[in-house]
Amino acid sequence: MRPRRVVTDLAGPGARARRRASRAAWIGGTRSGAGAPVASEAALRPDPAAPGAVAATIAALRALERAGADVARIDFPTREAARLLARVAPSCALPLSAEVGAADPAVALAAVEAGARAVWIDPPRLDDDALAELADLARHWGCVVGLVLRAPRDGAAGAVAPSPPIAFAQEALAQARRHAALGCPG
């Protein structure tokens with residue numbers, strides 16, 4: 001299980017930074033933002049090529065539900081993973097969210113069409129046309145589109161490149177403005 005994302009306090013240790021007011025977003029029957037209570041979200045990374053992947057994923061989702069999870073997040077690096085979601089979603093009572101790390105916008109679109117109630121994207125990987133298409137589809141299906149901004153990586157080594165926290169925060173805010181300007185729900 002992966003813990004819920006935490007906003008880092010850039011004001012320094014012990015300082016109290018003011019949080020901006022946020023909008024409420026619904027992921028299935030679970031409210032997020034706008035002062036909603038913290039929801040428990042558990043993450044899975046199924047291997048769609050593994051024998052018995054559908055049954056194993058359904059069993060894991062049911063176990064998360066029995067344990068009290070509010071939302072199940074599934075990592076979706078490929079179209080095959082989105083096809084897996086389409087097969088397990090009807091058997092799951094939990095709202096499903098998909099974390100799409102691929103630069104292929106078709107993976108995000110496939111996750112929405114397969115039944116994800118929220119799609120978490122890395123916005124710099126999608127051009128404006130792909131992001132606008134995703135926003136239209138998400139609105140049609142009542143799906144939230146959230147942002148996941150990753151620290152830049154050092155090409156060959158794959159290590160996280162040093163990035164000043166303020167520059168990273170400014171990039172996150174720029175992507176959030178782009179997200180809103182293109183009409184992404186959430």
# chains A, B, ... in the order shown; residues from 1 in each chain; ligands from 1
call {"tool": "residues_around", "arguments": {"residues": "region 114-127 of chain A", "least_positions_apart": "6", "cutoff": "9 Å", "atoms": "only C-alpha atoms", "output": "PDB file with all heavy atoms, in the first residue's frame"}}
result
ATOM      1  N   TRP A  26     -15.216  14.260  -6.576  1.00  0.00           N
ATOM      2  CA  TRP A  26     -15.770  12.974  -6.168  1.00  0.00           C
ATOM      3  C   TRP A  26     -15.144  11.865  -6.986  1.00  0.00           C
ATOM      4  O   TRP A  26     -15.149  11.900  -8.211  1.00  0.00           O
ATOM      5  CB  TRP A  26     -17.282  12.966  -6.354  1.00  0.00           C
ATOM      6  CG  TRP A  26     -17.966  13.829  -5.345  1.00  0.00           C
ATOM      7  CD1 TRP A  26     -18.247  15.160  -5.463  1.00  0.00           C
ATOM      8  CD2 TRP A  26     -18.419  13.440  -4.059  1.00  0.00           C
ATOM      9  NE1 TRP A  26     -18.849  15.612  -4.320  1.00  0.00           N
ATOM     10  CE2 TRP A  26     -18.971  14.569  -3.440  1.00  0.00           C
ATOM     11  CE3 TRP A  26     -18.414  12.233  -3.363  1.00  0.00           C
ATOM     12  CZ2 TRP A  26     -19.514  14.537  -2.168  1.00  0.00           C
ATOM     13  CZ3 TRP A  26     -18.960  12.201  -2.091  1.00  0.00           C
ATOM     14  CH2 TRP A  26     -19.502  13.342  -1.510  1.00  0.00           C
ATOM     15  N   ILE A  27     -14.589  10.878  -6.313  1.00  0.00           N
ATOM     16  CA  ILE A  27     -14.067   9.673  -6.950  1.00  0.00           C
ATOM     17  C   ILE A  27     -15.030   8.567  -6.536  1.00  0.00           C
ATOM     18  O   ILE A  27     -14.957   8.055  -5.422  1.00  0.00           O
ATOM     19  CB  ILE A  27     -12.629   9.366  -6.507  1.00  0.00           C
ATOM     20  CG1 ILE A  27     -11.719  10.548  -6.819  1.00  0.00           C
ATOM     21  CG2 ILE A  27     -12.126   8.086  -7.154  1.00  0.00           C
ATOM     22  CD1 ILE A  27     -10.329  10.438  -6.244  1.00  0.00           C
ATOM     23  N   GLY A  28     -15.970   8.288  -7.422  1.00  0.00           N
ATOM     24  CA  GLY A  28     -17.061   7.390  -7.034  1.00  0.00           C
ATOM     25  C   GLY A  28     -17.837   8.062  -5.919  1.00  0.00           C
ATOM     26  O   GLY A  28     -18.236   9.217  -6.034  1.00  0.00           O
ATOM     27  N   ARG A  73      -6.253   2.492  -6.185  1.00  0.00           N
ATOM     28  CA  ARG A  73      -5.503   3.072  -7.291  1.00  0.00           C
ATOM     29  C   ARG A  73      -4.713   1.957  -7.968  1.00  0.00           C
ATOM     30  O   ARG A  73      -4.061   1.164  -7.321  1.00  0.00           O
ATOM     31  CB  ARG A  73      -4.539   4.139  -6.790  1.00  0.00           C
ATOM     32  CG  ARG A  73      -3.743   4.762  -7.940  1.00  0.00           C
ATOM     33  CD  ARG A  73      -2.831   5.845  -7.460  1.00  0.00           C
ATOM     34  NE  ARG A  73      -3.613   6.940  -6.928  1.00  0.00           N
ATOM     35  CZ  ARG A  73      -3.157   8.178  -6.790  1.00  0.00           C
ATOM     36  NH1 ARG A  73      -1.940   8.473  -7.160  1.00  0.00           N
ATOM     37  NH2 ARG A  73      -3.907   9.110  -6.283  1.00  0.00           N
ATOM     38  N   ALA A  82      -4.959  -1.246 -19.007  1.00  0.00           N
ATOM     39  CA  ALA A  82      -6.297  -0.657 -19.119  1.00  0.00           C
ATOM     40  C   ALA A  82      -7.321  -1.724 -19.499  1.00  0.00           C
ATOM     41  O   ALA A  82      -8.446  -1.714 -19.013  1.00  0.00           O
ATOM     42  CB  ALA A  82      -6.290   0.470 -20.145  1.00  0.00           C
ATOM     43  N   ARG A  83      -6.927  -2.669 -20.351  1.00  0.00           N
ATOM     44  CA  ARG A  83      -7.842  -3.769 -20.694  1.00  0.00           C
ATOM     45  C   ARG A  83      -8.124  -4.630 -19.465  1.00  0.00           C
ATOM     46  O   ARG A  83      -9.234  -5.128 -19.277  1.00  0.00           O
ATOM     47  CB  ARG A  83      -7.273  -4.604 -21.838  1.00  0.00           C
ATOM     48  CG  ARG A  83      -7.421  -3.907 -23.184  1.00  0.00           C
ATOM     49  CD  ARG A  83      -7.151  -4.847 -24.351  1.00  0.00           C
ATOM     50  NE  ARG A  83      -5.735  -5.106 -24.574  1.00  0.00           N
ATOM     51  CZ  ARG A  83      -4.932  -4.291 -25.261  1.00  0.00           C
ATOM     52  NH1 ARG A  83      -5.396  -3.165 -25.783  1.00  0.00           N
ATOM     53  NH2 ARG A  83      -3.668  -4.598 -25.433  1.00  0.00           N
ATOM     54  N   LEU A  84      -7.122  -4.805 -18.602  1.00  0.00           N
ATOM     55  CA  LEU A  84      -7.323  -5.536 -17.351  1.00  0.00           C
ATOM     56  C   LEU A  84      -8.350  -4.809 -16.488  1.00  0.00           C
ATOM     57  O   LEU A  84      -9.249  -5.433 -15.920  1.00  0.00           O
ATOM     58  CB  LEU A  84      -5.996  -5.691 -16.601  1.00  0.00           C
ATOM     59  CG  LEU A  84      -6.077  -6.333 -15.221  1.00  0.00           C
ATOM     60  CD1 LEU A  84      -6.444  -7.812 -15.331  1.00  0.00           C
ATOM     61  CD2 LEU A  84      -4.753  -6.181 -14.494  1.00  0.00           C
ATOM     62  N   LEU A  85      -8.243  -3.483 -16.404  1.00  0.00           N
ATOM     63  CA  LEU A  85      -9.206  -2.704 -15.625  1.00  0.00           C
ATOM     64  C   LEU A  85     -10.629  -2.942 -16.127  1.00  0.00           C
ATOM     65  O   LEU A  85     -11.551  -3.112 -15.337  1.00  0.00           O
ATOM     66  CB  LEU A  85      -8.884  -1.206 -15.691  1.00  0.00           C
ATOM     67  CG  LEU A  85      -9.920  -0.281 -15.056  1.00  0.00           C
ATOM     68  CD1 LEU A  85      -9.986  -0.485 -13.550  1.00  0.00           C
ATOM     69  CD2 LEU A  85      -9.636   1.158 -15.365  1.00  0.00           C
ATOM     70  N   ALA A  86     -10.816  -2.971 -17.437  1.00  0.00           N
ATOM     71  CA  ALA A  86     -12.151  -3.183 -18.002  1.00  0.00           C
ATOM     72  C   ALA A  86     -12.725  -4.523 -17.562  1.00  0.00           C
ATOM     73  O   ALA A  86     -13.934  -4.652 -17.379  1.00  0.00           O
ATOM     74  CB  ALA A  86     -12.094  -3.103 -19.531  1.00  0.00           C
ATOM     75  N   ARG A  87     -11.865  -5.501 -17.332  1.00  0.00           N
ATOM     76  CA  ARG A  87     -12.342  -6.815 -16.921  1.00  0.00           C
ATOM     77  C   ARG A  87     -12.594  -6.907 -15.416  1.00  0.00           C
ATOM     78  O   ARG A  87     -13.437  -7.694 -14.994  1.00  0.00           O
ATOM     79  CB  ARG A  87     -11.348  -7.879 -17.367  1.00  0.00           C
ATOM     80  CG  ARG A  87     -11.292  -7.957 -18.908  1.00  0.00           C
ATOM     81  CD  ARG A  87     -10.397  -9.030 -19.427  1.00  0.00           C
ATOM     82  NE  ARG A  87     -10.873 -10.343 -19.020  1.00  0.00           N
ATOM     83  CZ  ARG A  87     -10.106 -11.426 -19.042  1.00  0.00           C
ATOM     84  NH1 ARG A  87      -8.860 -11.345 -19.464  1.00  0.00           N
ATOM     85  NH2 ARG A  87     -10.591 -12.591 -18.667  1.00  0.00           N
ATOM     86  N   ALA A  89     -13.215  -4.060 -13.260  1.00  0.00           N
ATOM     87  CA  ALA A  89     -14.064  -2.987 -12.729  1.00  0.00           C
ATOM     88  C   ALA A  89     -15.481  -3.439 -12.388  1.00  0.00           C
ATOM     89  O   ALA A  89     -15.997  -3.068 -11.324  1.00  0.00           O
ATOM     90  CB  ALA A  89     -14.085  -1.802 -13.693  1.00  0.00           C
ATOM     91  N   PRO A  90     -16.150  -4.233 -13.226  1.00  0.00           N
ATOM     92  CA  PRO A  90     -17.518  -4.637 -12.880  1.00  0.00           C
ATOM     93  C   PRO A  90     -17.610  -5.487 -11.613  1.00  0.00           C
ATOM     94  O   PRO A  90     -18.664  -5.556 -10.996  1.00  0.00           O
ATOM     95  CB  PRO A  90     -17.971  -5.457 -14.104  1.00  0.00           C
ATOM     96  CG  PRO A  90     -17.095  -5.028 -15.216  1.00  0.00           C
ATOM     97  CD  PRO A  90     -15.784  -4.678 -14.576  1.00  0.00           C
ATOM     98  N   PRO A  95     -14.445   2.492  -5.793  1.00  0.00           N
ATOM     99  CA  PRO A  95     -14.126   3.312  -6.963  1.00  0.00           C
ATOM    100  C   PRO A  95     -12.655   3.118  -7.318  1.00  0.00           C
ATOM    101  O   PRO A  95     -11.802   3.055  -6.433  1.00  0.00           O
ATOM    102  CB  PRO A  95     -14.413   4.744  -6.512  1.00  0.00           C
ATOM    103  CG  PRO A  95     -14.581   4.699  -5.037  1.00  0.00           C
ATOM    104  CD  PRO A  95     -14.783   3.286  -4.631  1.00  0.00           C
ATOM    105  N   LEU A  96     -12.373   2.996  -8.595  1.00  0.00           N
ATOM    106  CA  LEU A  96     -11.009   2.750  -9.054  1.00  0.00           C
ATOM    107  C   LEU A  96     -10.415   4.010  -9.643  1.00  0.00           C
ATOM    108  O   LEU A  96     -11.078   4.731 -10.388  1.00  0.00           O
ATOM    109  CB  LEU A  96     -11.003   1.647 -10.112  1.00  0.00           C
ATOM    110  CG  LEU A  96     -11.544   0.291  -9.660  1.00  0.00           C
ATOM    111  CD1 LEU A  96     -11.590  -0.676 -10.834  1.00  0.00           C
ATOM    112  CD2 LEU A  96     -10.713  -0.273  -8.525  1.00  0.00           C
ATOM    113  N   SER A  97      -9.178   4.280  -9.295  1.00  0.00           N
ATOM    114  CA  SER A  97      -8.458   5.378  -9.931  1.00  0.00           C
ATOM    115  C   SER A  97      -7.239   4.788 -10.616  1.00  0.00           C
ATOM    116  O   SER A  97      -6.707   3.763 -10.199  1.00  0.00           O
ATOM    117  CB  SER A  97      -8.065   6.453  -8.909  1.00  0.00           C
ATOM    118  OG  SER A  97      -7.063   6.016  -8.035  1.00  0.00           O
ATOM    119  N   ALA A  98      -6.853   5.411 -11.707  1.00  0.00           N
ATOM    120  CA  ALA A  98      -5.748   4.904 -12.518  1.00  0.00           C
ATOM    121  C   ALA A  98      -4.623   5.919 -12.557  1.00  0.00           C
ATOM    122  O   ALA A  98      -4.856   7.079 -12.857  1.00  0.00           O
ATOM    123  CB  ALA A  98      -6.247   4.629 -13.940  1.00  0.00           C
ATOM    124  N   GLU A  99      -3.422   5.476 -12.232  1.00  0.00           N
ATOM    125  CA  GLU A  99      -2.257   6.345 -12.373  1.00  0.00           C
ATOM    126  C   GLU A  99      -1.595   6.009 -13.702  1.00  0.00           C
ATOM    127  O   GLU A  99      -1.133   4.896 -13.916  1.00  0.00           O
ATOM    128  CB  GLU A  99      -1.271   6.172 -11.231  1.00  0.00           C
ATOM    129  CG  GLU A  99      -0.134   7.147 -11.347  1.00  0.00           C
ATOM    130  CD  GLU A  99       0.577   7.412 -10.044  1.00  0.00           C
ATOM    131  OE1 GLU A  99      -0.016   7.269  -8.975  1.00  0.00           O
ATOM    132  OE2 GLU A  99       1.756   7.793 -10.125  1.00  0.00           O
ATOM    133  N   VAL A 100      -1.625   6.971 -14.607  1.00  0.00           N
ATOM    134  CA  VAL A 100      -1.133   6.759 -15.960  1.00  0.00           C
ATOM    135  C   VAL A 100       0.198   7.481 -16.105  1.00  0.00           C
ATOM    136  O   VAL A 100       0.252   8.696 -16.129  1.00  0.00           O
ATOM    137  CB  VAL A 100      -2.142   7.284 -17.001  1.00  0.00           C
ATOM    138  CG1 VAL A 100      -1.625   7.089 -18.400  1.00  0.00           C
ATOM    139  CG2 VAL A 100      -3.483   6.610 -16.807  1.00  0.00           C
ATOM    140  N   GLY A 101       1.271   6.730 -16.211  1.00  0.00           N
ATOM    141  CA  GLY A 101       2.580   7.339 -16.349  1.00  0.00           C
ATOM    142  C   GLY A 101       3.055   7.392 -17.781  1.00  0.00           C
ATOM    143  O   GLY A 101       4.051   8.005 -18.080  1.00  0.00           O
ATOM    144  N   ALA A 102       2.326   6.749 -18.670  1.00  0.00           N
ATOM    145  CA  ALA A 102       2.779   6.643 -20.060  1.00  0.00           C
ATOM    146  C   ALA A 102       2.590   7.947 -20.819  1.00  0.00           C
ATOM    147  O   ALA A 102       1.669   8.706 -20.549  1.00  0.00           O
ATOM    148  CB  ALA A 102       2.014   5.537 -20.767  1.00  0.00           C
ATOM    149  N   ALA A 103       3.464   8.171 -21.784  1.00  0.00           N
ATOM    150  CA  ALA A 103       3.328   9.355 -22.628  1.00  0.00           C
ATOM    151  C   ALA A 103       2.232   9.139 -23.672  1.00  0.00           C
ATOM    152  O   ALA A 103       1.812  10.082 -24.323  1.00  0.00           O
ATOM    153  CB  ALA A 103       4.649   9.655 -23.323  1.00  0.00           C
ATOM    154  N   ASP A 104       1.736   7.923 -23.797  1.00  0.00           N
ATOM    155  CA  ASP A 104       0.708   7.594 -24.774  1.00  0.00           C
ATOM    156  C   ASP A 104      -0.659   8.014 -24.225  1.00  0.00           C
ATOM    157  O   ASP A 104      -1.157   7.401 -23.283  1.00  0.00           O
ATOM    158  CB  ASP A 104       0.750   6.087 -25.048  1.00  0.00           C
ATOM    159  CG  ASP A 104      -0.243   5.647 -26.097  1.00  0.00           C
ATOM    160  OD1 ASP A 104      -1.023   6.500 -26.583  1.00  0.00           O
ATOM    161  OD2 ASP A 104      -0.241   4.456 -26.435  1.00  0.00           O
ATOM    162  N   PRO A 105      -1.278   9.054 -24.792  1.00  0.00           N
ATOM    163  CA  PRO A 105      -2.578   9.495 -24.262  1.00  0.00           C
ATOM    164  C   PRO A 105      -3.645   8.420 -24.391  1.00  0.00           C
ATOM    165  O   PRO A 105      -4.619   8.428 -23.641  1.00  0.00           O
ATOM    166  CB  PRO A 105      -2.925  10.718 -25.100  1.00  0.00           C
ATOM    167  CG  PRO A 105      -1.954  10.780 -26.210  1.00  0.00           C
ATOM    168  CD  PRO A 105      -0.815   9.879 -25.889  1.00  0.00           C
ATOM    169  N   ALA A 108      -4.436   6.741 -21.041  1.00  0.00           N
ATOM    170  CA  ALA A 108      -5.331   7.492 -20.156  1.00  0.00           C
ATOM    171  C   ALA A 108      -6.775   7.393 -20.650  1.00  0.00           C
ATOM    172  O   ALA A 108      -7.698   7.187 -19.853  1.00  0.00           O
ATOM    173  CB  ALA A 108      -4.897   8.957 -20.086  1.00  0.00           C
ATOM    174  N   ALA A 138     -13.394  12.543 -19.817  1.00  0.00           N
ATOM    175  CA  ALA A 138     -13.575  12.457 -18.362  1.00  0.00           C
ATOM    176  C   ALA A 138     -14.873  13.134 -17.930  1.00  0.00           C
ATOM    177  O   ALA A 138     -15.608  12.607 -17.090  1.00  0.00           O
ATOM    178  CB  ALA A 138     -12.370  13.079 -17.652  1.00  0.00           C
ATOM    179  N   TRP A 141     -17.796  10.826 -18.742  1.00  0.00           N
ATOM    180  CA  TRP A 141     -17.930   9.670 -17.863  1.00  0.00           C
ATOM    181  C   TRP A 141     -17.975  10.049 -16.378  1.00  0.00           C
ATOM    182  O   TRP A 141     -18.052   9.167 -15.527  1.00  0.00           O
ATOM    183  CB  TRP A 141     -16.772   8.699 -18.100  1.00  0.00           C
ATOM    184  CG  TRP A 141     -16.880   7.979 -19.405  1.00  0.00           C
ATOM    185  CD1 TRP A 141     -16.196   8.258 -20.555  1.00  0.00           C
ATOM    186  CD2 TRP A 141     -17.734   6.883 -19.717  1.00  0.00           C
ATOM    187  NE1 TRP A 141     -16.578   7.393 -21.557  1.00  0.00           N
ATOM    188  CE2 TRP A 141     -17.518   6.531 -21.066  1.00  0.00           C
ATOM    189  CE3 TRP A 141     -18.667   6.152 -18.989  1.00  0.00           C
ATOM    190  CZ2 TRP A 141     -18.186   5.495 -21.692  1.00  0.00           C
ATOM    191  CZ3 TRP A 141     -19.333   5.112 -19.621  1.00  0.00           C
ATOM    192  CH2 TRP A 141     -19.092   4.799 -20.949  1.00  0.00           C
ATOM    193  N   GLY A 142     -17.896  11.343 -16.049  1.00  0.00           N
ATOM    194  CA  GLY A 142     -17.911  11.751 -14.650  1.00  0.00           C
ATOM    195  C   GLY A 142     -16.651  11.357 -13.911  1.00  0.00           C
ATOM    196  O   GLY A 142     -16.684  10.979 -12.742  1.00  0.00           O
ATOM    197  N   CYS A 143     -15.536  11.475 -14.583  1.00  0.00           N
ATOM    198  CA  CYS A 143     -14.244  11.042 -14.049  1.00  0.00           C
ATOM    199  C   CYS A 143     -13.405  12.265 -13.672  1.00  0.00           C
ATOM    200  O   CYS A 143     -13.453  13.285 -14.342  1.00  0.00           O
ATOM    201  CB  CYS A 143     -13.543  10.219 -15.134  1.00  0.00           C
ATOM    202  SG  CYS A 143     -11.921   9.608 -14.690  1.00  0.00           S
ATOM    203  N   VAL A 144     -12.655  12.158 -12.606  1.00  0.00           N
ATOM    204  CA  VAL A 144     -11.740  13.213 -12.165  1.00  0.00           C
ATOM    205  C   VAL A 144     -10.402  13.025 -12.876  1.00  0.00           C
ATOM    206  O   VAL A 144      -9.941  11.897 -13.043  1.00  0.00           O
ATOM    207  CB  VAL A 144     -11.528  13.131 -10.636  1.00  0.00           C
ATOM    208  CG1 VAL A 144     -10.436  14.064 -10.174  1.00  0.00           C
ATOM    209  CG2 VAL A 144     -12.831  13.405  -9.911  1.00  0.00           C
ATOM    210  N   VAL A 145      -9.780  14.127 -13.294  1.00  0.00           N
ATOM    211  CA  VAL A 145      -8.430  14.072 -13.843  1.00  0.00           C
ATOM    212  C   VAL A 145      -7.519  14.808 -12.869  1.00  0.00           C
ATOM    213  O   VAL A 145      -7.652  16.005 -12.666  1.00  0.00           O
ATOM    214  CB  VAL A 145      -8.343  14.726 -15.246  1.00  0.00           C
ATOM    215  CG1 VAL A 145      -6.905  14.679 -15.766  1.00  0.00           C
ATOM    216  CG2 VAL A 145      -9.285  14.033 -16.218  1.00  0.00           C
ATOM    217  N   GLY A 146      -6.619  14.070 -12.233  1.00  0.00           N
ATOM    218  CA  GLY A 146      -5.702  14.650 -11.261  1.00  0.00           C
ATOM    219  C   GLY A 146      -4.294  14.729 -11.824  1.00  0.00           C
ATOM    220  O   GLY A 146      -3.960  14.079 -12.810  1.00  0.00           O
ATOM    221  N   LEU A 147      -3.483  15.553 -11.202  1.00  0.00           N
ATOM    222  CA  LEU A 147      -2.101  15.766 -11.652  1.00  0.00           C
ATOM    223  C   LEU A 147      -1.117  15.051 -10.744  1.00  0.00           C
ATOM    224  O   LEU A 147      -1.234  15.107  -9.531  1.00  0.00           O
ATOM    225  CB  LEU A 147      -1.771  17.263 -11.629  1.00  0.00           C
ATOM    226  CG  LEU A 147      -2.680  18.175 -12.434  1.00  0.00           C
ATOM    227  CD1 LEU A 147      -2.252  19.610 -12.254  1.00  0.00           C
ATOM    228  CD2 LEU A 147      -2.674  17.781 -13.887  1.00  0.00           C
ATOM    229  N   VAL A 148      -0.157  14.395 -11.356  1.00  0.00           N
ATOM    230  CA  VAL A 148       0.969  13.802 -10.647  1.00  0.00           C
ATOM    231  C   VAL A 148       2.199  14.379 -11.316  1.00  0.00           C
ATOM    232  O   VAL A 148       2.465  14.109 -12.478  1.00  0.00           O
ATOM    233  CB  VAL A 148       0.990  12.265 -10.784  1.00  0.00           C
ATOM    234  CG1 VAL A 148       2.232  11.691 -10.132  1.00  0.00           C
ATOM    235  CG2 VAL A 148      -0.260  11.663 -10.190  1.00  0.00           C
ATOM    236  N   LEU A 149       2.922  15.204 -10.617  1.00  0.00           N
ATOM    237  CA  LEU A 149       4.120  15.802 -11.193  1.00  0.00           C
ATOM    238  C   LEU A 149       5.329  15.131 -10.560  1.00  0.00           C
ATOM    239  O   LEU A 149       5.451  15.103  -9.346  1.00  0.00           O
ATOM    240  CB  LEU A 149       4.129  17.309 -10.923  1.00  0.00           C
ATOM    241  CG  LEU A 149       4.987  18.122 -11.859  1.00  0.00           C
ATOM    242  CD1 LEU A 149       4.480  18.002 -13.291  1.00  0.00           C
ATOM    243  CD2 LEU A 149       5.003  19.565 -11.448  1.00  0.00           C
ATOM    244  N   ARG A 150       6.160  14.568 -11.391  1.00  0.00           N
ATOM    245  CA  ARG A 150       7.336  13.850 -10.901  1.00  0.00           C
ATOM    246  C   ARG A 150       8.575  14.712 -11.047  1.00  0.00           C
ATOM    247  O   ARG A 150       8.696  15.473 -11.992  1.00  0.00           O
ATOM    248  CB  ARG A 150       7.492  12.561 -11.687  1.00  0.00           C
ATOM    249  CG  ARG A 150       6.376  11.574 -11.380  1.00  0.00           C
ATOM    250  CD  ARG A 150       6.460  10.367 -12.289  1.00  0.00           C
ATOM    251  NE  ARG A 150       5.483   9.374 -11.935  1.00  0.00           N
ATOM    252  CZ  ARG A 150       4.211   9.396 -12.328  1.00  0.00           C
ATOM    253  NH1 ARG A 150       3.774  10.372 -13.081  1.00  0.00           N
ATOM    254  NH2 ARG A 150       3.376   8.449 -11.961  1.00  0.00           N
ATOM    255  N   GLN A 175       1.394  23.703 -14.332  1.00  0.00           N
ATOM    256  CA  GLN A 175       0.647  22.573 -14.887  1.00  0.00           C
ATOM    257  C   GLN A 175      -0.801  22.572 -14.380  1.00  0.00           C
ATOM    258  O   GLN A 175      -1.721  22.225 -15.121  1.00  0.00           O
ATOM    259  CB  GLN A 175       1.341  21.248 -14.566  1.00  0.00           C
ATOM    260  CG  GLN A 175       2.642  21.048 -15.300  1.00  0.00           C
ATOM    261  CD  GLN A 175       2.469  21.043 -16.814  1.00  0.00           C
ATOM    262  OE1 GLN A 175       1.430  20.685 -17.358  1.00  0.00           O
ATOM    263  NE2 GLN A 175       3.518  21.465 -17.518  1.00  0.00           N
ATOM    264  N   ALA A 176      -1.016  22.979 -13.135  1.00  0.00           N
ATOM    265  CA  ALA A 176      -2.388  23.066 -12.606  1.00  0.00           C
ATOM    266  C   ALA A 176      -3.184  24.124 -13.363  1.00  0.00           C
ATOM    267  O   ALA A 176      -4.368  23.931 -13.681  1.00  0.00           O
ATOM    268  CB  ALA A 176      -2.355  23.381 -11.116  1.00  0.00           C
ATOM    269  N   ARG A 178      -2.658  25.035 -16.490  1.00  0.00           N
ATOM    270  CA  ARG A 178      -2.897  24.439 -17.818  1.00  0.00           C
ATOM    271  C   ARG A 178      -4.047  23.434 -17.736  1.00  0.00           C
ATOM    272  O   ARG A 178      -4.931  23.401 -18.589  1.00  0.00           O
ATOM    273  CB  ARG A 178      -1.612  23.747 -18.275  1.00  0.00           C
ATOM    274  CG  ARG A 178      -1.722  23.012 -19.580  1.00  0.00           C
ATOM    275  CD  ARG A 178      -0.353  22.442 -19.992  1.00  0.00           C
ATOM    276  NE  ARG A 178      -0.511  21.545 -21.096  1.00  0.00           N
ATOM    277  CZ  ARG A 178      -0.203  20.255 -21.058  1.00  0.00           C
ATOM    278  NH1 ARG A 178       0.325  19.723 -19.992  1.00  0.00           N
ATOM    279  NH2 ARG A 178      -0.394  19.517 -22.128  1.00  0.00           N
ATOM    280  N   HIS A 179      -4.035  22.631 -16.711  1.00  0.00           N
ATOM    281  CA  HIS A 179      -5.075  21.625 -16.439  1.00  0.00           C
ATOM    282  C   HIS A 179      -6.443  22.317 -16.370  1.00  0.00           C
ATOM    283  O   HIS A 179      -7.400  21.888 -17.014  1.00  0.00           O
ATOM    284  CB  HIS A 179      -4.703  20.953 -15.108  1.00  0.00           C
ATOM    285  CG  HIS A 179      -5.576  19.877 -14.638  1.00  0.00           C
ATOM    286  ND1 HIS A 179      -6.579  20.076 -13.732  1.00  0.00           N
ATOM    287  CD2 HIS A 179      -5.579  18.548 -14.918  1.00  0.00           C
ATOM    288  CE1 HIS A 179      -7.155  18.920 -13.452  1.00  0.00           C
ATOM    289  NE2 HIS A 179      -6.565  17.979 -14.160  1.00  0.00           N
ATOM    290  N   GLY A 186     -11.823  18.108 -11.923  1.00  0.00           N
ATOM    291  CA  GLY A 186     -11.086  17.623 -10.752  1.00  0.00           C
ATOM    292  C   GLY A 186     -10.170  18.615 -10.177  1.00  0.00           C
ATOM    293  O   GLY A 186      -9.820  19.628 -10.529  1.00  0.00           O
TER     294      GLY A 186
END
call {"tool": "select_by_dssp", "arguments": {"residues": "region 19-117 of chain A", "states": "helix (DSSP H, G or I)", "output": "VMD selection string"}}
result
chain A and resid 53 to 67 79 to 91 105 to 114
call {"tool": "closest_residue", "arguments": {"among": "A:Pro51, A:Pro46, A:Gly29, A:Gly183", "to": "Ala81 (chain A)", "atoms": "only C-alpha atoms"}}
result
A:Pro46
call {"tool": "residues_around", "arguments": {"residues": "Ala24 (chain A)", "least_positions_apart": "2", "cutoff": "6 Å", "atoms": "only C-alpha atoms", "output": "list in words"}}
result
Ser32, Gly33 and Ala34 of chain A
call {"tool": "write_last_selection", "arguments": {"atoms": "N, CA and C atoms", "output": "mmCIF file, in the first residue's frame"}}
result
data_model
loop_
_atom_site.group_PDB
_atom_site.id
_atom_site.type_symbol
_atom_site.label_atom_id
_atom_site.label_comp_id
_atom_site.auth_asym_id
_atom_site.auth_seq_id
_atom_site.Cartn_x
_atom_site.Cartn_y
_atom_site.Cartn_z
ATOM 1 N N SER A 32 -13.000 14.164 -2.157
ATOM 2 C CA SER A 32 -11.624 14.560 -1.908
ATOM 3 C C SER A 32 -11.537 16.069 -2.047
ATOM 4 N N GLY A 33 -10.711 16.712 -1.240
ATOM 5 C CA GLY A 33 -10.530 18.164 -1.320
ATOM 6 C C GLY A 33 -11.627 18.920 -0.606
ATOM 7 N N ALA A 34 -11.505 20.234 -0.589
ATOM 8 C CA ALA A 34 -12.491 21.144 0.014
ATOM 9 C C ALA A 34 -12.818 20.767 1.453
#
call {"tool": "closest_residue", "arguments": {"among": "A:Glu80, A:Glu41, A:Asp129, A:Asp47", "to": "Val107 (chain A)", "atoms": "only C-alpha atoms"}}
result
A:Glu80
call {"tool": "select_by_dssp", "arguments": {"residues": "region 44-142 of chain A", "states": "strand (DSSP E or B)", "output": "count of residues only"}}
result
15
call {"tool": "atom_distance", "arguments": {"atom1": "CA of Ala60 (chain A)", "atom2": "CA of Pro37 (chain A)"}}
result
24.6 Å
call {"tool": "atom_distance", "arguments": {"atom1": "CA of Ala111 (chain A)", "atom2": "CA of Ser22 (chain A)"}}
result
25.1 Å
